[in-house]
Amino acid sequence: MKTQVRTDLALEAKELWEESADEATSLSGVIAREETIGSYHITHVDIINEEGEKALGKPCGRYVTLEVPGLCGQGRSDYIGAAEAVARQLGQLLTIPEKGEVLVVGLGNRRMTPDAIGPHTLESVLVTRHLIDMAPEHFGAFRPVSALATGVMGDTGVESGELIRAVTETLQPSCIIAVDALASRSSERLFQTIQLTDTGIVPGSGVGNHRMPLTKDSLGIPVIAIGVPTVVDAGTLCLDLLAKSGHPEFDHAPLLKAGSELFVTPRDVDTCEETISKVLGLGISLALHVDLSVEDVEMFLS
């Protein structure tokens, strides 16, 4: 079943492999560990060689899954705690100079709510590159950060990767942080899971719309991808529910075919998208400006 189910999460790819493998078979090439920091459960999945890549269908690198259950509709203290947790995990993936310039990219279509996390995240990112140039006496100690909302090719006629590569060649940043919506195998993880990885991302892959990859190989600099699952395709959701109900051997081919063009998202998607975008934006800002608090970032953004 693992080859049939659509998911962008390394944690779920690992779960699917384990579900399909014999109990005596070990998952070679993958190192996994779990930890709890405060109220947040974190799973680390490291794919270390080609065998691990083949097993999980994902490139070598580090994948961090941060669980933020019940975040939608909660109060300020909840999203501040989640933002600080994102900042801690992102800081561990950043391997750039202290004042190295960073380009934060928001992928997706802001007019389609489940796909709007990327551009809406940028609204809570503290952008400083222009401030450093204009008023170095006040902002010279800040890390230069710029932001780019790529839009979608249907509107611009330009692939996101082409636009990002052009901007990268001009700005010469030390790193790119790309934010995008993902697909999950389970409705329970929608808007309640954040994945961070140092492998980059292929925009649109979650919904079968593959574009130019955003990776170190394609852009020449490290690319950290941050994603939140916002949709589950209908066929995959049916398979997941059947497995949980004790019918994993059900003939799933018709379900996959019928649900290949249908995607499911929560009823309160608007509230969830707004909250998680703010969490990501503030988390990125805290990780890039380590001397600032959430209150400081919000003051600069206001």
# chains A, B, ... in the order shown; residues from 1 in each chain; ligands from 1
>>> select_by_dssp(residues="region 175-229 of chain A", states="helix (DSSP H, G or I)", output="ChimeraX atom specification")
/A:187-189,205-207,216-219
>>> write_last_selection(atoms="C-alpha atoms", output="mmCIF file, in the first residue's frame")
data_model
loop_
_atom_site.group_PDB
_atom_site.id
_atom_site.type_symbol
_atom_site.label_atom_id
_atom_site.label_comp_id
_atom_site.auth_asym_id
_atom_site.auth_seq_id
_atom_site.Cartn_x
_atom_site.Cartn_y
_atom_site.Cartn_z
ATOM 1 C CA SER A 187 -6.905 13.927 8.095
ATOM 2 C CA GLU A 188 -5.703 13.889 11.711
ATOM 3 C CA ARG A 189 -2.443 15.558 10.716
ATOM 4 C CA SER A 205 4.342 17.507 -5.680
ATOM 5 C CA GLY A 206 1.743 16.954 -2.955
ATOM 6 C CA VAL A 207 -1.085 17.294 -5.452
ATOM 7 C CA LYS A 216 20.937 22.893 -3.333
ATOM 8 C CA ASP A 217 21.705 21.109 -6.600
ATOM 9 C CA SER A 218 19.312 23.278 -8.627
ATOM 10 C CA LEU A 219 19.985 26.632 -6.916
#
>>> residues_around(residues="Leu280 (chain A)", least_positions_apart="4", cutoff="12 Å", atoms="only C-alpha atoms", output="PyMOL selection string")
chain A and resi 66+68+79-90+104+106+117-126+177-181+191+193-196+225-228+273-276+284-287+294
>>> residues_around(residues="Arg33 (chain A)", least_positions_apart="4", cutoff="10 Å", atoms="only C-alpha atoms", output="PyMOL selection string")
chain A and resi 42-46+64
>>> write_last_selection(atoms="N, CA and C atoms", output="PDB file, in the first residue's frame")
ATOM      1  N   ILE A  42       8.231  15.686  18.888  1.00  0.00           N
ATOM      2  CA  ILE A  42       9.054  15.902  17.700  1.00  0.00           C
ATOM      3  C   ILE A  42       9.631  14.570  17.255  1.00  0.00           C
ATOM      4  N   THR A  43       9.528  14.301  15.966  1.00  0.00           N
ATOM      5  CA  THR A  43      10.121  13.088  15.382  1.00  0.00           C
ATOM      6  C   THR A  43      11.182  13.490  14.372  1.00  0.00           C
ATOM      7  N   HIS A  44      12.361  12.912  14.515  1.00  0.00           N
ATOM      8  CA  HIS A  44      13.466  13.145  13.594  1.00  0.00           C
ATOM      9  C   HIS A  44      13.644  11.900  12.723  1.00  0.00           C
ATOM     10  N   VAL A  45      13.631  12.077  11.426  1.00  0.00           N
ATOM     11  CA  VAL A  45      13.890  10.988  10.478  1.00  0.00           C
ATOM     12  C   VAL A  45      15.053  11.423   9.600  1.00  0.00           C
ATOM     13  N   ASP A  46      16.164  10.722   9.698  1.00  0.00           N
ATOM     14  CA  ASP A  46      17.344  11.004   8.887  1.00  0.00           C
ATOM     15  C   ASP A  46      17.518   9.901   7.855  1.00  0.00           C
ATOM     16  N   VAL A  64      12.356  16.794  10.103  1.00  0.00           N
ATOM     17  CA  VAL A  64      11.880  17.027  11.469  1.00  0.00           C
ATOM     18  C   VAL A  64      10.373  17.258  11.418  1.00  0.00           C
TER      19      VAL A  64
END
>>> closest_residue(among="A:Ile221, A:Gln92, A:Pro136, A:Met212", to="Glu169 (chain A)", atoms="only C-alpha atoms")
A:Ile221
>>> residues_around(residues="Asp268 (chain A)", least_positions_apart="2", cutoff="12 Å", atoms="only C-alpha atoms", output="PDB file with C-alpha atoms, in the first residue's frame")
ATOM      1  CA  LEU A  71      -3.529  24.839  17.538  1.00  0.00           C
ATOM      2  CA  CYS A  72      -6.356  26.182  15.373  1.00  0.00           C
ATOM      3  CA  GLY A  73      -8.527  28.657  17.177  1.00  0.00           C
ATOM      4  CA  THR A 113      -6.952  28.820   1.112  1.00  0.00           C
ATOM      5  CA  PRO A 114      -5.389  25.332   1.507  1.00  0.00           C
ATOM      6  CA  LEU A 190      -3.929  18.396   8.681  1.00  0.00           C
ATOM      7  CA  PHE A 191      -2.816  21.751  10.122  1.00  0.00           C
ATOM      8  CA  THR A 230      -3.419  21.074   4.445  1.00  0.00           C
ATOM      9  CA  VAL A 264     -10.184  17.049   1.301  1.00  0.00           C
ATOM     10  CA  THR A 265      -9.438  19.883   3.740  1.00  0.00           C
ATOM     11  CA  PRO A 266     -10.930  20.758   7.164  1.00  0.00           C
ATOM     12  CA  ASP A 270      -9.636  29.565   6.996  1.00  0.00           C
ATOM     13  CA  THR A 271      -8.963  29.818  10.733  1.00  0.00           C
ATOM     14  CA  CYS A 272      -6.393  27.016  10.645  1.00  0.00           C
ATOM     15  CA  GLU A 273      -4.520  28.525   7.713  1.00  0.00           C
ATOM     16  CA  GLU A 274      -4.388  31.952   9.337  1.00  0.00           C
ATOM     17  CA  THR A 275      -3.079  30.568  12.635  1.00  0.00           C
TER      18      THR A 275
END
